[in-house]
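Containing PDB, C-alpha atoms and all ligand atoms: target_38.pdb.
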ATOM      1  CA  MET A  29     -46.944  -1.243  46.306
ATOM      2  CA  THR A  30     -46.087   1.710  44.072
ATOM      3  CA  ALA A  31     -42.629   2.111  42.549
ATOM      4  CA  ILE A  32     -41.911   4.908  45.018
ATOM      5  CA  GLU A  33     -42.928   2.765  48.004
ATOM      6  CA  THR A  34     -40.771  -0.113  46.730
ATOM      7  CA  LEU A  35     -37.787   2.229  46.435
ATOM      8  CA  LYS A  36     -38.325   3.651  49.915
ATOM      9  CA  SER A  37     -38.792   0.194  51.481
ATOM     10  CA  THR A  38     -35.492  -1.177  50.168
ATOM     11  CA  SER A  39     -32.150  -0.046  51.479
ATOM     12  CA  ASN A  40     -31.009   2.627  49.092
ATOM     13  CA  THR A  41     -28.411   4.725  50.844
ATOM     14  CA  LEU A  42     -25.651   6.253  48.750
ATOM     15  CA  ARG A  43     -23.255   3.593  50.045
ATOM     16  CA  ASP A  44     -25.727   0.807  49.095
ATOM     17  CA  VAL A  45     -26.125   2.178  45.576
ATOM     18  CA  LEU A  46     -22.351   2.545  45.070
ATOM     19  CA  THR A  47     -21.769  -1.009  46.313
ATOM     20  CA  ARG A  48     -24.429  -2.364  43.964
ATOM     21  CA  LEU A  49     -23.145  -0.394  40.954
ATOM     22  CA  GLN A  50     -19.577  -1.549  41.595
ATOM     23  CA  LYS A  51     -20.726  -5.168  41.302
ATOM     24  CA  GLU A  52     -22.502  -4.297  38.054
ATOM     25  CA  ASP A  53     -19.434  -2.566  36.546
ATOM     26  CA  ALA A  54     -21.361   0.706  36.470
ATOM     27  CA  ALA A  55     -20.633   4.152  37.889
ATOM     28  CA  LEU A  56     -22.839   6.770  39.519
ATOM     29  CA  GLY A  57     -23.137   9.957  37.433
ATOM     30  CA  HIS A  58     -22.436  13.182  39.361
ATOM     31  CA  PHE A  59     -23.917  16.250  37.664
ATOM     32  CA  ASN A  60     -23.389  19.791  38.924
ATOM     33  CA  VAL A  61     -26.197  22.302  39.141
ATOM     34  CA  SER A  62     -26.125  26.099  39.538
ATOM     35  CA  ASP A  63     -29.809  26.743  39.098
ATOM     36  CA  HIS A  64     -33.234  25.152  38.828
ATOM     37  CA  VAL A  65     -32.948  24.661  35.052
ATOM     38  CA  LEU A  66     -29.931  22.378  35.498
ATOM     39  CA  LEU A  67     -31.555  20.606  38.450
ATOM     40  CA  LYS A  68     -34.724  19.944  36.425
ATOM     41  CA  ALA A  69     -32.596  18.566  33.566
ATOM     42  CA  VAL A  70     -30.711  16.101  35.804
ATOM     43  CA  ILE A  71     -33.903  14.944  37.548
ATOM     44  CA  ALA A  72     -35.670  14.487  34.189
ATOM     45  CA  ALA A  73     -32.801  12.345  32.849
ATOM     46  CA  GLY A  74     -32.880  10.170  35.979
ATOM     47  CA  ALA A  75     -36.665   9.855  35.827
ATOM     48  CA  GLU A  76     -36.550   8.744  32.189
ATOM     49  CA  SER A  77     -33.819   6.129  32.645
ATOM     50  CA  LYS A  78     -34.672   5.135  36.261
ATOM     51  CA  LEU A  79     -30.933   5.299  36.918
ATOM     52  CA  PRO A  80     -29.613   6.843  40.156
ATOM     53  CA  VAL A  81     -28.167  10.363  39.984
ATOM     54  CA  LEU A  82     -25.824  12.276  42.271
ATOM     55  CA  ILE A  83     -26.488  16.001  42.129
ATOM     56  CA  GLY A  84     -23.456  18.125  42.892
ATOM     57  CA  ALA A  85     -22.978  21.737  43.894
ATOM     58  CA  SER A  86     -19.593  23.334  44.536
ATOM     59  CA  GLU A  87     -19.143  26.176  47.030
ATOM     60  CA  GLY A  88     -19.802  28.743  44.263
ATOM     61  CA  GLU A  89     -22.867  26.864  43.031
ATOM     62  CA  ARG A  90     -24.166  26.484  46.606
ATOM     63  CA  GLU A  91     -23.646  30.176  47.262
ATOM     64  CA  PHE A  92     -25.773  31.054  44.207
ATOM     65  CA  PHE A  93     -28.467  28.427  44.833
ATOM     66  CA  GLY A  94     -28.465  28.405  48.636
ATOM     67  CA  ALA A  95     -27.180  25.188  50.279
ATOM     68  CA  ARG A  96     -30.290  24.649  52.402
ATOM     69  CA  GLN A  97     -32.599  25.702  49.572
ATOM     70  CA  LEU A  98     -30.986  23.207  47.167
ATOM     71  CA  ALA A  99     -31.165  20.437  49.804
ATOM     72  CA  ALA A 100     -34.864  21.177  50.342
ATOM     73  CA  LEU A 101     -35.610  21.045  46.601
ATOM     74  CA  VAL A 102     -33.691  17.778  46.152
ATOM     75  CA  ASN A 103     -35.472  16.296  49.163
ATOM     76  CA  SER A 104     -38.802  17.301  47.670
ATOM     77  CA  GLU A 105     -37.901  15.675  44.320
ATOM     78  CA  ARG A 106     -36.733  12.540  46.147
ATOM     79  CA  GLN A 107     -40.084  12.119  47.892
ATOM     80  CA  GLU A 108     -41.857  11.966  44.523
ATOM     81  CA  SER A 109     -39.300   9.912  42.587
ATOM     82  CA  ASP A 110     -38.983   6.201  41.894
ATOM     83  CA  PHE A 111     -35.212   6.348  41.317
ATOM     84  CA  PRO A 112     -32.452   7.230  43.819
ATOM     85  CA  ILE A 113     -31.405  10.901  44.008
ATOM     86  CA  PHE A 114     -28.406  11.977  46.119
ATOM     87  CA  LEU A 115     -26.785  15.329  46.843
ATOM     88  CA  ASN A 116     -23.054  16.078  47.131
ATOM     89  CA  ALA A 117     -21.330  19.215  48.422
ATOM     90  CA  ASP A 118     -18.671  19.358  45.717
ATOM     91  CA  HIS A 119     -15.204  20.935  46.280
ATOM     92  CA  THR A 120     -15.555  22.109  49.853
ATOM     93  CA  HIS A 121     -12.506  24.062  50.997
ATOM     94  CA  SER A 122     -13.275  24.748  54.669
ATOM     95  CA  LEU A 123     -14.526  22.969  57.772
ATOM     96  CA  ALA A 124     -17.316  25.561  58.127
ATOM     97  CA  LYS A 125     -18.668  24.886  54.611
ATOM     98  CA  ALA A 126     -18.433  21.093  55.124
ATOM     99  CA  LEU A 127     -20.441  21.385  58.344
ATOM    100  CA  GLU A 128     -22.978  23.686  56.691
ATOM    101  CA  ALA A 129     -23.609  21.052  53.985
ATOM    102  CA  ALA A 130     -23.805  18.169  56.477
ATOM    103  CA  LYS A 131     -26.333  20.077  58.591
ATOM    104  CA  ALA A 132     -28.352  21.018  55.481
ATOM    105  CA  GLY A 133     -28.823  17.282  54.763
ATOM    106  CA  PHE A 134     -26.335  16.615  51.959
ATOM    107  CA  ASP A 135     -25.584  12.887  51.438
ATOM    108  CA  ALA A 136     -21.904  13.424  50.700
ATOM    109  CA  VAL A 137     -19.177  16.038  50.968
ATOM    110  CA  THR A 138     -16.134  16.394  48.707
ATOM    111  CA  ILE A 139     -13.526  17.727  51.122
ATOM    112  CA  ASP A 140     -10.899  19.451  48.985
ATOM    113  CA  PHE A 141      -7.631  20.527  50.567
ATOM    114  CA  SER A 142      -5.666  19.120  47.622
ATOM    115  CA  ALA A 143      -3.970  22.482  46.980
ATOM    116  CA  LEU A 144      -2.166  22.173  50.355
ATOM    117  CA  PRO A 145       0.998  20.124  50.993
ATOM    118  CA  PHE A 146       0.218  16.390  51.539
ATOM    119  CA  GLU A 147       0.582  16.378  55.359
ATOM    120  CA  GLU A 148      -1.626  19.447  55.713
ATOM    121  CA  ASN A 149      -4.178  17.960  53.291
ATOM    122  CA  VAL A 150      -4.263  14.835  55.508
ATOM    123  CA  ALA A 151      -4.740  16.822  58.745
ATOM    124  CA  ARG A 152      -7.461  19.169  57.437
ATOM    125  CA  THR A 153      -9.323  16.355  55.636
ATOM    126  CA  LYS A 154      -9.255  14.105  58.712
ATOM    127  CA  GLU A 155     -10.647  16.920  60.860
ATOM    128  CA  ALA A 156     -13.485  17.563  58.371
ATOM    129  CA  VAL A 157     -14.329  13.827  58.054
ATOM    130  CA  GLN A 158     -14.738  13.538  61.827
ATOM    131  CA  ALA A 159     -16.791  16.725  62.050
ATOM    132  CA  ILE A 160     -19.314  15.827  59.316
ATOM    133  CA  LYS A 161     -19.695  12.234  60.576
ATOM    134  CA  ALA A 162     -20.514  13.642  64.016
ATOM    135  CA  VAL A 163     -23.433  15.465  62.344
ATOM    136  CA  ASN A 164     -24.517  12.446  60.250
ATOM    137  CA  PRO A 165     -22.639   9.101  60.550
ATOM    138  CA  ALA A 166     -24.106   7.922  57.193
ATOM    139  CA  ILE A 167     -22.663  10.843  55.230
ATOM    140  CA  LEU A 168     -20.037   9.887  52.631
ATOM    141  CA  ALA A 169     -16.750  11.767  52.999
ATOM    142  CA  GLU A 170     -14.569  12.218  49.922
ATOM    143  CA  GLY A 171     -10.972  13.427  49.954
ATOM    144  CA  GLU A 172      -8.749  14.659  47.117
ATOM    145  CA  ILE A 173      -5.086  14.223  46.235
ATOM    146  CA  GLY A 174      -3.060  15.484  43.282
ATOM    147  CA  ASP A 175      -3.681  18.401  40.942
ATOM    148  CA  ILE A 176      -6.303  18.406  38.182
ATOM    149  CA  GLY A 177      -6.747  22.183  37.901
ATOM    150  CA  THR A 178      -9.772  24.192  39.008
ATOM    151  CA  GLY A 179     -12.932  25.602  37.401
ATOM    152  CA  SER A 180     -15.430  23.831  35.121
ATOM    153  CA  GLU A 181     -14.894  26.272  32.270
ATOM    154  CA  ILE A 182     -13.629  26.489  28.697
ATOM    155  CA  LYS A 183      -9.847  26.838  28.853
ATOM    156  CA  GLU A 184      -7.025  27.914  26.543
ATOM    157  CA  THR A 185      -4.433  25.501  27.907
ATOM    158  CA  ALA A 186      -4.448  22.212  29.815
ATOM    159  CA  GLN A 187      -4.222  22.401  33.603
ATOM    160  CA  GLY A 188      -3.165  19.964  36.285
ATOM    161  CA  GLY A 189       0.163  18.513  37.149
ATOM    162  CA  LYS A 190       1.394  15.627  39.216
ATOM    163  CA  LEU A 191      -0.582  12.382  38.977
ATOM    164  CA  SER A 192      -1.492  10.515  42.187
ATOM    165  CA  THR A 193       0.504   7.439  43.172
ATOM    166  CA  PRO A 194      -0.920   4.220  44.688
ATOM    167  CA  GLU A 195       1.283   4.695  47.773
ATOM    168  CA  GLU A 196       0.051   8.210  48.571
ATOM    169  CA  ALA A 197      -3.525   7.034  47.914
ATOM    170  CA  ARG A 198      -3.098   4.241  50.482
ATOM    171  CA  GLN A 199      -1.518   6.582  53.039
ATOM    172  CA  PHE A 200      -4.160   9.253  52.530
ATOM    173  CA  VAL A 201      -7.112   6.860  52.944
ATOM    174  CA  GLU A 202      -5.608   5.221  56.042
ATOM    175  CA  ALA A 203      -4.759   8.539  57.709
ATOM    176  CA  THR A 204      -8.014  10.399  56.977
ATOM    177  CA  GLY A 205     -10.785   7.787  57.208
ATOM    178  CA  ILE A 206     -12.423   8.968  53.959
ATOM    179  CA  ASP A 207     -15.031   6.779  52.237
ATOM    180  CA  ASN A 208     -14.058   7.697  48.706
ATOM    181  CA  LEU A 209     -10.977   9.099  47.081
ATOM    182  CA  ALA A 210     -10.637  11.509  44.164
ATOM    183  CA  PRO A 211      -7.203  10.969  42.574
ATOM    184  CA  ALA A 212      -5.417  12.683  39.672
ATOM    185  CA  VAL A 213      -5.291  10.088  36.891
ATOM    186  CA  GLY A 214      -5.139  12.148  33.697
ATOM    187  CA  ASN A 215      -8.472  13.861  34.365
ATOM    188  CA  MET A 216      -8.813  17.662  34.375
ATOM    189  CA  HIS A 217     -11.408  20.223  35.410
ATOM    190  CA  GLY A 218     -12.873  22.163  32.491
ATOM    191  CA  MET A 219     -12.551  21.592  28.756
ATOM    192  CA  LEU A 220     -10.234  22.918  26.048
ATOM    193  CA  LYS A 221     -11.899  24.620  23.053
ATOM    194  CA  SER A 222     -10.870  21.650  20.897
ATOM    195  CA  MET A 223     -12.773  19.354  23.297
ATOM    196  CA  VAL A 224     -15.920  21.511  23.145
ATOM    197  CA  GLN A 225     -15.688  21.272  19.339
ATOM    198  CA  GLY A 226     -15.303  17.493  19.618
ATOM    199  CA  LYS A 227     -11.851  17.549  17.980
ATOM    200  CA  ALA A 228      -9.961  16.291  21.036
ATOM    201  CA  LYS A 229     -10.727  13.985  23.987
ATOM    202  CA  LYS A 230      -9.284  13.505  27.442
ATOM    203  CA  HIS A 231      -7.455  10.235  28.015
ATOM    204  CA  LEU A 232      -7.040   8.598  31.414
ATOM    205  CA  ASP A 233      -4.178   6.624  32.955
ATOM    206  CA  LEU A 234      -6.151   3.373  33.242
ATOM    207  CA  GLU A 235      -3.312   1.304  34.703
ATOM    208  CA  ARG A 236      -2.836   3.911  37.442
ATOM    209  CA  ILE A 237      -6.566   3.819  38.281
ATOM    210  CA  ALA A 238      -6.385   0.031  38.776
ATOM    211  CA  GLN A 239      -3.261   0.342  40.962
ATOM    212  CA  ILE A 240      -4.786   3.141  43.073
ATOM    213  CA  LYS A 241      -8.017   1.146  43.509
ATOM    214  CA  LYS A 242      -6.027  -1.826  44.803
ATOM    215  CA  ALA A 243      -3.918   0.294  47.158
ATOM    216  CA  ALA A 244      -6.730   2.558  48.450
ATOM    217  CA  GLY A 245      -9.491  -0.048  48.791
ATOM    218  CA  VAL A 246     -12.273   2.574  48.814
ATOM    219  CA  PHE A 247     -14.719   4.019  46.299
ATOM    220  CA  LEU A 248     -12.964   6.147  43.654
ATOM    221  CA  THR A 249     -14.320   9.376  42.158
ATOM    222  CA  LEU A 250     -13.284  10.772  38.793
ATOM    223  CA  HIS A 251     -13.513  14.566  38.730
ATOM    224  CA  GLY A 252     -13.361  16.623  35.538
ATOM    225  CA  GLY A 253     -14.982  13.946  33.371
ATOM    226  CA  SER A 254     -16.276  16.337  30.681
ATOM    227  CA  GLY A 255     -14.730  15.706  27.271
ATOM    228  CA  THR A 256     -13.355  12.270  28.171
ATOM    229  CA  ASP A 257     -13.176   9.593  25.494
ATOM    230  CA  ASP A 258     -16.156   7.177  25.842
ATOM    231  CA  GLU A 259     -13.956   4.078  25.705
ATOM    232  CA  HIS A 260     -11.740   5.474  28.470
ATOM    233  CA  PHE A 261     -14.817   6.014  30.635
ATOM    234  CA  ARG A 262     -15.820   2.361  30.184
ATOM    235  CA  LYS A 263     -12.313   1.126  30.980
ATOM    236  CA  ALA A 264     -11.965   3.499  33.954
ATOM    237  CA  ILE A 265     -15.170   2.088  35.458
ATOM    238  CA  ALA A 266     -13.859  -1.456  34.932
ATOM    239  CA  ALA A 267     -10.592  -0.387  36.625
ATOM    240  CA  GLY A 268     -12.420   0.837  39.736
ATOM    241  CA  ILE A 269     -14.010   4.276  39.234
ATOM    242  CA  ASN A 270     -17.349   4.502  41.115
ATOM    243  CA  ILE A 271     -18.476   8.125  40.665
ATOM    244  CA  ILE A 272     -17.937  10.331  37.588
ATOM    245  CA  HIS A 273     -18.284  14.124  37.680
ATOM    246  CA  ILE A 274     -19.697  15.931  34.641
ATOM    247  CA  ASN A 275     -20.076  19.693  34.833
ATOM    248  CA  THR A 276     -18.563  21.633  31.903
ATOM    249  CA  GLU A 277     -20.487  19.590  29.295
ATOM    250  CA  LEU A 278     -23.749  20.604  30.996
ATOM    251  CA  ARG A 279     -22.676  24.236  31.203
ATOM    252  CA  VAL A 280     -21.776  24.273  27.487
ATOM    253  CA  ALA A 281     -25.185  22.770  26.586
ATOM    254  CA  TRP A 282     -26.902  25.274  28.923
ATOM    255  CA  ARG A 283     -25.152  28.262  27.347
ATOM    256  CA  GLU A 284     -25.536  27.164  23.717
ATOM    257  CA  SER A 285     -29.217  26.271  24.051
ATOM    258  CA  LEU A 286     -29.963  29.461  26.003
ATOM    259  CA  ASP A 287     -28.310  31.575  23.287
ATOM    260  CA  LYS A 288     -30.367  29.746  20.647
ATOM    261  CA  SER A 289     -33.605  30.010  22.614
ATOM    262  CA  LEU A 290     -33.167  33.748  23.213
ATOM    263  CA  ALA A 291     -32.331  34.354  19.548
ATOM    264  CA  ARG A 292     -35.403  32.437  18.306
ATOM    265  CA  ASP A 293     -37.789  35.284  19.197
ATOM    266  CA  THR A 294     -36.340  38.503  20.559
ATOM    267  CA  ASN A 295     -39.815  39.580  21.747
ATOM    268  CA  GLU A 296     -40.303  36.471  23.868
ATOM    269  CA  VAL A 297     -40.276  37.370  27.577
ATOM    270  CA  VAL A 298     -41.958  34.312  29.160
ATOM    271  CA  PRO A 299     -39.182  32.618  31.154
ATOM    272  CA  TYR A 300     -40.603  29.088  31.015
ATOM    273  CA  LYS A 301     -40.977  29.297  27.229
ATOM    274  CA  ILE A 302     -37.361  30.429  26.865
ATOM    275  CA  LEU A 303     -36.008  27.948  29.432
ATOM    276  CA  ARG A 304     -37.902  24.767  28.518
ATOM    277  CA  PRO A 305     -35.672  23.997  25.483
ATOM    278  CA  VAL A 306     -32.630  24.640  27.721
ATOM    279  CA  VAL A 307     -33.817  21.988  30.195
ATOM    280  CA  ASP A 308     -34.281  19.559  27.274
ATOM    281  CA  SER A 309     -30.804  20.225  25.841
ATOM    282  CA  VAL A 310     -29.039  19.710  29.176
ATOM    283  CA  LYS A 311     -31.173  16.638  29.870
ATOM    284  CA  GLN A 312     -29.961  15.060  26.597
ATOM    285  CA  VAL A 313     -26.320  15.465  27.664
ATOM    286  CA  VAL A 314     -27.053  13.973  31.102
ATOM    287  CA  SER A 315     -28.971  11.048  29.546
ATOM    288  CA  LEU A 316     -26.129  10.122  27.182
ATOM    289  CA  ARG A 317     -23.572  10.170  30.004
ATOM    290  CA  LEU A 318     -25.870   8.195  32.342
ATOM    291  CA  ARG A 319     -26.386   5.485  29.724
ATOM    292  CA  LEU A 320     -22.647   5.261  29.088
ATOM    293  CA  PHE A 321     -21.836   4.977  32.818
ATOM    294  CA  HIS A 322     -24.302   2.080  33.064
ATOM    295  CA  GLY A 323     -22.950   0.163  30.085
ATOM    296  CA  GLN A 324     -25.782   1.105  27.747
ATOM    297  CA  PRO A 325     -25.214   2.491  24.221
ATOM    298  CA  ALA A 326     -23.726   5.957  24.668
ATOM    299  CA  SER A 327     -25.307   7.709  21.709
ATOM    300  CA  ARG A 328     -27.835   7.452  18.945
ATOM    301  CA  GLU A 329     -24.912   6.792  16.581
ATOM    302  CA  ALA A 330     -23.838   3.898  18.803
ATOM    303  CA  VAL A 331     -27.384   2.509  18.773
ATOM    304  CA  GLY A 332     -27.277   2.704  14.975
ATOM    305  CA  THR A 333     -23.931   0.908  14.822
ATOM    306  CA  VAL A 334     -25.174  -1.945  17.001
ATOM    307  CA  ALA A 335     -28.363  -2.245  14.968
TER     308      ALA A 335
HETATM  309 ZN    ZN A 401     -14.246  18.410  40.638
END
I need this file expressed as structure tokens, please.
Ligand SMILES: [Zn+2]
Amino acid sequence: MTAIETLKSTSNTLRDVLTRLQKEDAALGHFNVSDHVLLKAVIAAGAESKLPVLIGASEGEREFFGARQLAALVNSERQESDFPIFLNADHTHSLAKALEAAKAGFDAVTIDFSALPFEENVARTKEAVQAIKAVNPAILAEGEIGDIGTGSEIKETAQGGKLSTPEEARQFVEATGIDNLAPAVGNMHGMLKSMVQGKAKKHLDLERIAQIKKAAGVFLTLHGGSGTDDEHFRKAIAAGINIIHINTELRVAWRESLDKSLARDTNEVVPYKILRPVVDSVKQVVSLRLRLFHGQPASREAVGTVA
């Protein structure tokens, strides 16, 4: 039996993989893609490490890529891969967009009505959960509470406000029927300039994560993971985080390596020659995060320290 056949013959749904990783004190890496360069980078990192990857695309990213086109590409990659690849419709703000993703074959949908008052968030999320499960009962429905700001970009000032409480987490899960919850626990979308420069790190409320996990009793997703302190990632996973979103770090690597690649030879016009180093740069960022989320040395420096 080939590695691909072995993978296909065992039960490897998204729920199975999350359950297995939780027992292993590991988390599933969620990496956003806007284009084929980013998708190639995430797939290459998964192929190298044989670790599962969750590919994410927000409404804006899906609009640029094409929801059905992205699903078809991911499905094609999955058929030729010997590691699990899943696809999430990140930050979905309407029932219509949630249904579009479910019908296109996405494995999970992040239903995001977190900007609305709590009761309205509950009602709209519950409606979307029921609608997407009617399309595909195996689909994983995620809901969001609290405020962690919007946009995976470089920012001047910190965003986000009220942190989630264990009680509202419990109420929200019970009332909506979601499979995984994305709370506000000190995380934030985007990165400050100081974080891009490596001078500052995000820190998480680890005690709150543990309390929310206990109260909610479902898988937990950490959004806005870019720029988070490595040690906090490890402790957050131990406290109950199951999925970690990384987007801005990939976008920064994409932009910086593209600038460099274009500047290397201003007469170069062959796209795959310009873009190949960009794929490699983004892949390196994905690989480091994947290793960290699976309890392996997070960086070459860390390997050196251990040795
Ligand atoms: Zn997010």
If you count all atoms listed in the file, which residues fall within 7 Å of Leu168 of chain A, apart from same-chain ones fewer than 4 positions away, as a list in words?
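Listing them by chain and then by number gives Asp135, Ala136, Val137 and Asp207 of chain A.
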re atom CA of Glu296 of chain A and atom CA of Leu67 of chain A: distance 23.3 Å
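The residues that lie within 8 Å of the point (-26.3, 18.7, 44.0), counting only C-alpha atoms, are Phe59, Asn60, Val61, Leu67, Leu82, Ile83, Gly84, Ala85, Leu98, Ala99, Val102, Phe114, Leu115, Asn116, Ala117 and Asp118 of chain A.
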Take the residues from that selection and write them out as a PDB file, in the frame of the given file, keeping C-alpha atoms.
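Okay, this is what ended up in out39.pdb:
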ATOM      1  CA  PHE A  59     -23.917  16.250  37.664  1.00  0.00           C
ATOM      2  CA  ASN A  60     -23.389  19.791  38.924  1.00  0.00           C
ATOM      3  CA  VAL A  61     -26.197  22.302  39.141  1.00  0.00           C
ATOM      4  CA  LEU A  67     -31.555  20.606  38.450  1.00  0.00           C
ATOM      5  CA  LEU A  82     -25.824  12.276  42.271  1.00  0.00           C
ATOM      6  CA  ILE A  83     -26.488  16.001  42.129  1.00  0.00           C
ATOM      7  CA  GLY A  84     -23.456  18.125  42.892  1.00  0.00           C
ATOM      8  CA  ALA A  85     -22.978  21.737  43.894  1.00  0.00           C
ATOM      9  CA  LEU A  98     -30.986  23.207  47.167  1.00  0.00           C
ATOM     10  CA  ALA A  99     -31.165  20.437  49.804  1.00  0.00           C
ATOM     11  CA  VAL A 102     -33.691  17.778  46.152  1.00  0.00           C
ATOM     12  CA  PHE A 114     -28.406  11.977  46.119  1.00  0.00           C
ATOM     13  CA  LEU A 115     -26.785  15.329  46.843  1.00  0.00           C
ATOM     14  CA  ASN A 116     -23.054  16.078  47.131  1.00  0.00           C
ATOM     15  CA  ALA A 117     -21.330  19.215  48.422  1.00  0.00           C
ATOM     16  CA  ASP A 118     -18.671  19.358  45.717  1.00  0.00           C
TER      17      ASP A 118
END
Contacts with ligand ZN 401 (chain A) at most 9 Å, only C-alpha atoms and all ligand atoms counted, listed as number ranges by chain
A: 86, 118-119, 138, 176-180, 210, 216-217, 250-253, 273-275
Ranking A:Glu202, A:Glu105, A:Glu196, A:Glu259 by minimum distance to Lys229 of chain A and counting all atoms listed in the file, which one comes first?
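Of A:Glu202, A:Glu105, A:Glu196, A:Glu259, the one nearest Lys229 of chain A is A:Glu259, counting all atoms listed in the file.
Each of A:His64, A:His121, A:Arg304, A:Lys183 was compared to Thr276 of chain A using all atoms listed in the file, and A:Lys183 turns out to be the nearest.
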Write out as a list in words which residues come within 9 Å of Glu277 of chain A when counting all atoms listed in the file, dropping same-chain ones fewer than 4 positions away.
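Contacts, with the query itself left out: Ser180, Gly218, Met219, Val224, Gly253, Ser254, Gly255, Ala281, Trp282, Val310, Val313 and Val314 of chain A.
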Distance atom CA of Ala162 of chain A-atom CA of Arg90 of chain A, one decimal place?
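Distance between the two atoms: 21.9 Å.
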In terms of the shortest atom-to-atom distance over all atoms listed in the file, which of A:Lys68, A:Arg262, A:Arg106, A:Arg319 is closest to Asp53 of chain A?
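Of A:Lys68, A:Arg262, A:Arg106, A:Arg319, the one nearest Asp53 of chain A is A:Arg262, counting all atoms listed in the file.
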Residues within 8 Å of Ala75 of chain A, please, as an mmCIF file with C-alpha atoms, in the coordinates of the input. Count all atoms listed in the file; anything in the same chain fewer than 2 positions from it doesn't count.
data_model
loop_
_atom_site.group_PDB
_atom_site.id
_atom_site.type_symbol
_atom_site.label_atom_id
_atom_site.label_comp_id
_atom_site.auth_asym_id
_atom_site.auth_seq_id
_atom_site.Cartn_x
_atom_site.Cartn_y
_atom_site.Cartn_z
ATOM 1 C CA ILE A 71 -33.903 14.944 37.548
ATOM 2 C CA ALA A 72 -35.670 14.487 34.189
ATOM 3 C CA ALA A 73 -32.801 12.345 32.849
ATOM 4 C CA SER A 77 -33.819 6.129 32.645
ATOM 5 C CA LYS A 78 -34.672 5.135 36.261
ATOM 6 C CA LEU A 79 -30.933 5.299 36.918
ATOM 7 C CA SER A 109 -39.300 9.912 42.587
ATOM 8 C CA ASP A 110 -38.983 6.201 41.894
ATOM 9 C CA PHE A 111 -35.212 6.348 41.317
#
Identify all residues satisfying the PyMOL selection byres (((chain A and resi 285) around 10) and not hetatm) in the given file; provide them as a PyMOL selection string.
chain A and resi 279-284+286-291+302-310
For the structure provided, state which residues fall under the PyMOL selection byres (((chain A and resi 175) around 9) and not hetatm), and present them as a PyMOL selection string.
chain A and resi 142-143+172-174+176-178+187-192+211-212+216
Separation of atom CA of Gly171 of chain A from atom CA of Leu123 of chain A in Å
12.8 Å
Tell me which of A:Ile182, A:Glu76, A:Leu56, A:Gln199 sits closest to Arg43 of chain A, counting all atoms listed in the file.
A:Leu56
Convert the output of the PyMOL selection byres (((chain A and resi 203) around 12) and not hetatm) on the shown file into explicit residues, formatted as an MDAnalysis selection string.
chainID A and resid 146:155 157:158 171 196:202 204:207 244
Considering only C-alpha atoms, can you say which of A:Glu108, A:Asp140, A:Asp63, A:Glu181 comes closest to Met223 of chain A?
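Distance minimum relative to Met223 of chain A lands on A:Glu181.
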Using only C-alpha atoms, which of the listed residues (A:His322, A:Lys241, A:His260, A:Lys227) sits closest to Gly214 of chain A?
A:His260
